[in-house]
Amino acid sequence: MQIIGITCRRNLERKKSLFERMVHHLEKRGKTLYLEDRVAGVLGVKNDKKLILGKTKVDLMLVLGGDGTILRVVNQMKDYFPPFFGVNLGNLGFLAEVPPVHIVQTLDRLFSGKITQDKRRLLNIRLERNGQLLHTFHALNEVSLTQGTLSRVIHLRTRVDGKKLTNYQADGLLVATPTGSTAYSLSAGGPIVHPSIPAIILTPVCPSSFSQKPIVIPENKKIDITVESDYQYINLTVDGQKQVDLNYKDRIRIEAGNEITFLRLLDEHYFTNLRDKLGWGERR
């Protein structure tokens, strides 16, 4: 891990000393650094080696922010995905778990190999209109199909491997990865699925039929959703980062995509995070 990309969330000027300490330590270790413009802005330096997400090839992506910052970075990557290491400067922090306390010691542990690799599966999404490919996306958490400004139930014909699953009549439908099972899907009543389980979760949002419950299917299945509502204001949203308006008879094809790698310290644990972040299973 010689070439390091550094990106961050907005409005972190008050964290300048943290950035300076981290950058100085990395340079002292002989690392080549590529900075996103907003990082250079916090440091107040000229950005000679500019990190352009999706183009600049790095050995490691250091992300300073919250889960939303990691989702933004992942959504802007294209043909390759370097390992990610998140420093939590946000709120919840399921993906960016490590706090900024003792950042220098944390980086030393990282580069000494005292880490584990946490593999997470992406979803590939294809939006087709009138038989033509309109957009492609990838999602780390979920893709959501929801009603927009009008409070109307939307109709979504859904197939799995070409076989009819159901015709959802609901405020929306979420198709999530296990990573995303603790995000929007959980808020909509979906199950928590451990990220090591190869699965895709379909969670209807406020369905009109009591029988339409969340369902977990194997990740090798292909999902085909057709918009059957012929009014406007239906949106497709990817990880809360990208949004497209949908039309009547638009088709959304979803399947498992690439795996990406998060580097974790040895003392990090998924179940500990569930208890600490969500208060899961704890009495209040």
# chains A, B, ... in the order shown; residues from 1 in each chain; ligands from 1
call {"tool": "select_by_dssp", "arguments": {"residues": "region 32-229 of chain A", "states": "strand (DSSP E or B)", "output": "ChimeraX atom specification"}}
result
/A:32-35,50,60-65,84-88,98,115-129,132-139,142-147,154-160,163-170,172-176,199-205,215-218,223-227
call {"tool": "write_last_selection", "arguments": {"atoms": "C-alpha atoms", "output": "PDB file, in the first residue's frame"}}
result
ATOM      1  CA  THR A  32       2.644   8.814  -2.179  1.00  0.00           C
ATOM      2  CA  LEU A  33      -0.533  10.791  -1.483  1.00  0.00           C
ATOM      3  CA  TYR A  34      -3.310  11.834  -3.846  1.00  0.00           C
ATOM      4  CA  LEU A  35      -5.731  14.295  -2.282  1.00  0.00           C
ATOM      5  CA  LYS A  50      -5.188  15.445  -7.356  1.00  0.00           C
ATOM      6  CA  LEU A  60      -5.684   2.256  -0.679  1.00  0.00           C
ATOM      7  CA  MET A  61      -8.562   4.719  -0.313  1.00  0.00           C
ATOM      8  CA  LEU A  62      -8.641   6.500   3.043  1.00  0.00           C
ATOM      9  CA  VAL A  63     -12.114   7.897   3.614  1.00  0.00           C
ATOM     10  CA  LEU A  64     -12.617  10.439   6.394  1.00  0.00           C
ATOM     11  CA  GLY A  65     -16.300  10.941   7.073  1.00  0.00           C
ATOM     12  CA  PHE A  84     -11.210   1.109   1.555  1.00  0.00           C
ATOM     13  CA  PHE A  85     -10.378   2.173   5.082  1.00  0.00           C
ATOM     14  CA  GLY A  86     -12.912   4.412   6.800  1.00  0.00           C
ATOM     15  CA  VAL A  87     -12.263   6.843   9.628  1.00  0.00           C
ATOM     16  CA  ASN A  88     -15.609   7.753  11.164  1.00  0.00           C
ATOM     17  CA  VAL A  98     -12.736   3.543  13.219  1.00  0.00           C
ATOM     18  CA  ILE A 115      -5.988  -6.113   9.817  1.00  0.00           C
ATOM     19  CA  THR A 116      -8.627  -8.318   8.265  1.00  0.00           C
ATOM     20  CA  GLN A 117     -10.299  -8.022   4.880  1.00  0.00           C
ATOM     21  CA  ASP A 118     -14.061  -7.515   4.853  1.00  0.00           C
ATOM     22  CA  LYS A 119     -15.521  -8.340   1.428  1.00  0.00           C
ATOM     23  CA  ARG A 120     -18.780  -6.647   0.432  1.00  0.00           C
ATOM     24  CA  ARG A 121     -20.858  -7.397  -2.673  1.00  0.00           C
ATOM     25  CA  LEU A 122     -22.208  -4.653  -4.933  1.00  0.00           C
ATOM     26  CA  LEU A 123     -25.388  -4.703  -6.986  1.00  0.00           C
ATOM     27  CA  ASN A 124     -25.303  -3.967 -10.711  1.00  0.00           C
ATOM     28  CA  ILE A 125     -28.344  -2.030 -11.958  1.00  0.00           C
ATOM     29  CA  ARG A 126     -29.434  -1.549 -15.569  1.00  0.00           C
ATOM     30  CA  LEU A 127     -32.248   0.847 -16.448  1.00  0.00           C
ATOM     31  CA  GLU A 128     -33.868   0.136 -19.818  1.00  0.00           C
ATOM     32  CA  ARG A 129     -36.442   2.276 -21.612  1.00  0.00           C
ATOM     33  CA  GLN A 132     -32.734   0.576 -24.963  1.00  0.00           C
ATOM     34  CA  LEU A 133     -30.161   0.744 -22.174  1.00  0.00           C
ATOM     35  CA  LEU A 134     -30.517   4.161 -20.527  1.00  0.00           C
ATOM     36  CA  HIS A 135     -28.281   4.018 -17.424  1.00  0.00           C
ATOM     37  CA  THR A 136     -26.046   1.620 -15.506  1.00  0.00           C
ATOM     38  CA  PHE A 137     -25.267   1.949 -11.806  1.00  0.00           C
ATOM     39  CA  HIS A 138     -23.740  -0.022  -8.962  1.00  0.00           C
ATOM     40  CA  ALA A 139     -24.943   0.065  -5.364  1.00  0.00           C
ATOM     41  CA  GLU A 142     -29.545  -0.530  -2.068  1.00  0.00           C
ATOM     42  CA  VAL A 143     -31.497   0.629  -5.069  1.00  0.00           C
ATOM     43  CA  SER A 144     -34.904   2.069  -4.233  1.00  0.00           C
ATOM     44  CA  LEU A 145     -37.959   2.584  -6.436  1.00  0.00           C
ATOM     45  CA  THR A 146     -40.293   4.993  -4.701  1.00  0.00           C
ATOM     46  CA  GLN A 147     -43.120   7.402  -5.345  1.00  0.00           C
ATOM     47  CA  ILE A 154     -47.017   2.437  -7.323  1.00  0.00           C
ATOM     48  CA  HIS A 155     -47.257  -0.864  -9.192  1.00  0.00           C
ATOM     49  CA  LEU A 156     -44.086  -2.851  -9.844  1.00  0.00           C
ATOM     50  CA  ARG A 157     -44.138  -6.186 -11.683  1.00  0.00           C
ATOM     51  CA  THR A 158     -41.246  -8.217 -10.291  1.00  0.00           C
ATOM     52  CA  ARG A 159     -39.625 -11.372 -11.640  1.00  0.00           C
ATOM     53  CA  VAL A 160     -36.725 -13.472 -10.358  1.00  0.00           C
ATOM     54  CA  LYS A 163     -40.261 -16.311 -13.062  1.00  0.00           C
ATOM     55  CA  LYS A 164     -42.989 -14.140 -11.574  1.00  0.00           C
ATOM     56  CA  LEU A 165     -42.393 -13.190  -7.939  1.00  0.00           C
ATOM     57  CA  THR A 166     -45.257 -10.751  -7.335  1.00  0.00           C
ATOM     58  CA  ASN A 167     -46.823  -7.492  -8.458  1.00  0.00           C
ATOM     59  CA  TYR A 168     -45.945  -5.067  -5.688  1.00  0.00           C
ATOM     60  CA  GLN A 169     -48.484  -2.376  -4.849  1.00  0.00           C
ATOM     61  CA  ALA A 170     -46.705  -0.161  -2.364  1.00  0.00           C
ATOM     62  CA  GLY A 172     -41.934   1.645  -3.070  1.00  0.00           C
ATOM     63  CA  LEU A 173     -39.577  -1.298  -3.269  1.00  0.00           C
ATOM     64  CA  LEU A 174     -36.014  -1.631  -1.961  1.00  0.00           C
ATOM     65  CA  VAL A 175     -33.501  -4.102  -3.361  1.00  0.00           C
ATOM     66  CA  ALA A 176     -30.620  -4.251  -0.893  1.00  0.00           C
ATOM     67  CA  ALA A 199     -27.999 -12.719  -0.533  1.00  0.00           C
ATOM     68  CA  ILE A 200     -30.216  -9.998  -1.975  1.00  0.00           C
ATOM     69  CA  ILE A 201     -33.069  -8.536   0.084  1.00  0.00           C
ATOM     70  CA  LEU A 202     -36.348  -7.266  -1.398  1.00  0.00           C
ATOM     71  CA  THR A 203     -38.276  -5.051   0.997  1.00  0.00           C
ATOM     72  CA  PRO A 204     -41.574  -3.400   0.005  1.00  0.00           C
ATOM     73  CA  VAL A 205     -42.218   0.041   1.482  1.00  0.00           C
ATOM     74  CA  ILE A 215     -37.889 -11.709   1.132  1.00  0.00           C
ATOM     75  CA  VAL A 216     -34.233 -12.814   1.071  1.00  0.00           C
ATOM     76  CA  ILE A 217     -33.054 -14.583  -2.095  1.00  0.00           C
ATOM     77  CA  PRO A 218     -29.663 -15.996  -3.185  1.00  0.00           C
ATOM     78  CA  ILE A 223     -34.225  -9.531 -10.566  1.00  0.00           C
ATOM     79  CA  ASP A 224     -36.360  -7.858 -13.217  1.00  0.00           C
ATOM     80  CA  ILE A 225     -38.720  -5.017 -12.216  1.00  0.00           C
ATOM     81  CA  THR A 226     -41.134  -3.298 -14.604  1.00  0.00           C
ATOM     82  CA  VAL A 227     -42.911  -0.046 -13.750  1.00  0.00           C
TER      83      VAL A 227
END
call {"tool": "select_by_dssp", "arguments": {"residues": "region 13-242 of chain A", "states": "alpha helix (DSSP H)", "output": "VMD selection string"}}
result
chain A and resid 16 to 28 37 to 43 67 to 76 103 to 111 184 to 187
call {"tool": "residues_around", "arguments": {"residues": "region 16-31 of chain A", "least_positions_apart": "3", "cutoff": "8 Å", "atoms": "only C-alpha atoms", "output": "ChimeraX atom specification"}}
result
/A:2-4,12-13,42-43,100,103-104
call {"tool": "write_last_selection", "arguments": {"atoms": "N, CA and C atoms", "output": "PDB file, in the first residue's frame"}}
result
ATOM      1  N   GLN A   2       1.382   1.569  -1.170  1.00  0.00           N
ATOM      2  CA  GLN A   2       2.306   2.680  -1.290  1.00  0.00           C
ATOM      3  C   GLN A   2       1.608   3.970  -1.739  1.00  0.00           C
ATOM      4  N   ILE A   3       0.628   3.822  -2.645  1.00  0.00           N
ATOM      5  CA  ILE A   3      -0.072   4.991  -3.188  1.00  0.00           C
ATOM      6  C   ILE A   3      -1.425   5.103  -2.488  1.00  0.00           C
ATOM      7  N   ILE A   4      -1.622   6.208  -1.785  1.00  0.00           N
ATOM      8  CA  ILE A   4      -2.803   6.377  -0.930  1.00  0.00           C
ATOM      9  C   ILE A   4      -3.653   7.535  -1.453  1.00  0.00           C
ATOM     10  N   LEU A  12     -15.211  20.038   6.995  1.00  0.00           N
ATOM     11  CA  LEU A  12     -14.338  19.486   8.029  1.00  0.00           C
ATOM     12  C   LEU A  12     -13.178  20.430   8.348  1.00  0.00           C
ATOM     13  N   GLU A  13     -13.373  21.724   8.110  1.00  0.00           N
ATOM     14  CA  GLU A  13     -12.300  22.683   8.371  1.00  0.00           C
ATOM     15  C   GLU A  13     -11.834  22.638   9.832  1.00  0.00           C
ATOM     16  N   VAL A  42      -9.145  21.740   3.000  1.00  0.00           N
ATOM     17  CA  VAL A  42      -9.049  21.743   4.460  1.00  0.00           C
ATOM     18  C   VAL A  42      -7.619  22.043   4.902  1.00  0.00           C
ATOM     19  N   LEU A  43      -6.647  21.449   4.193  1.00  0.00           N
ATOM     20  CA  LEU A  43      -5.246  21.646   4.550  1.00  0.00           C
ATOM     21  C   LEU A  43      -4.723  23.008   4.121  1.00  0.00           C
ATOM     22  N   PRO A 100     -11.474   8.777  14.966  1.00  0.00           N
ATOM     23  CA  PRO A 100     -10.217   9.463  14.651  1.00  0.00           C
ATOM     24  C   PRO A 100      -9.227   9.522  15.798  1.00  0.00           C
ATOM     25  N   ILE A 103      -5.118   8.510  15.517  1.00  0.00           N
ATOM     26  CA  ILE A 103      -5.091   8.206  14.090  1.00  0.00           C
ATOM     27  C   ILE A 103      -3.729   7.683  13.648  1.00  0.00           C
ATOM     28  N   VAL A 104      -2.645   8.231  14.205  1.00  0.00           N
ATOM     29  CA  VAL A 104      -1.300   7.797  13.815  1.00  0.00           C
ATOM     30  C   VAL A 104      -1.076   6.334  14.186  1.00  0.00           C
TER      31      VAL A 104
END
call {"tool": "atom_distance", "arguments": {"atom1": "CA of Tyr184 (chain A)", "atom2": "CA of Thr7 (chain A)"}}
result
24.4 Å
call {"tool": "residues_around", "arguments": {"residues": "Asn91 (chain A)", "least_positions_apart": "3", "cutoff": "10 Å", "atoms": "only C-alpha atoms", "output": "ChimeraX atom specification"}}
result
/A:65-68,88,94,96,277
call {"tool": "write_last_selection", "arguments": {"atoms": "N, CA and C atoms", "output": "mmCIF file, in the first residue's frame"}}
result
data_model
loop_
_atom_site.group_PDB
_atom_site.id
_atom_site.type_symbol
_atom_site.label_atom_id
_atom_site.label_comp_id
_atom_site.auth_asym_id
_atom_site.auth_seq_id
_atom_site.Cartn_x
_atom_site.Cartn_y
_atom_site.Cartn_z
ATOM 1 N N GLY A 65 -14.916 10.478 7.090
ATOM 2 C CA GLY A 65 -16.300 10.941 7.073
ATOM 3 C C GLY A 65 -17.191 9.878 7.680
ATOM 4 N N GLY A 66 -18.441 9.826 7.208
ATOM 5 C CA GLY A 66 -19.368 8.808 7.671
ATOM 6 C C GLY A 66 -19.674 7.820 6.568
ATOM 7 N N ASP A 67 -20.712 7.029 6.781
ATOM 8 C CA ASP A 67 -21.105 6.042 5.780
ATOM 9 C C ASP A 67 -21.519 6.708 4.471
ATOM 10 N N GLY A 68 -22.153 7.875 4.555
ATOM 11 C CA GLY A 68 -22.553 8.587 3.352
ATOM 12 C C GLY A 68 -21.368 8.962 2.483
ATOM 13 N N ASN A 88 -14.259 7.246 10.944
ATOM 14 C CA ASN A 88 -15.609 7.753 11.164
ATOM 15 C C ASN A 88 -15.605 9.166 11.736
ATOM 16 N N PHE A 94 -21.361 2.491 10.227
ATOM 17 C CA PHE A 94 -21.305 1.051 10.028
ATOM 18 C C PHE A 94 -20.167 0.673 9.095
ATOM 19 N N ALA A 96 -17.650 3.167 7.972
ATOM 20 C CA ALA A 96 -16.485 3.890 8.470
ATOM 21 C C ALA A 96 -16.487 3.759 9.993
ATOM 22 N N LYS A 277 -24.075 0.622 17.710
ATOM 23 C CA LYS A 277 -24.637 1.616 16.800
ATOM 24 C C LYS A 277 -26.167 1.659 16.841
#
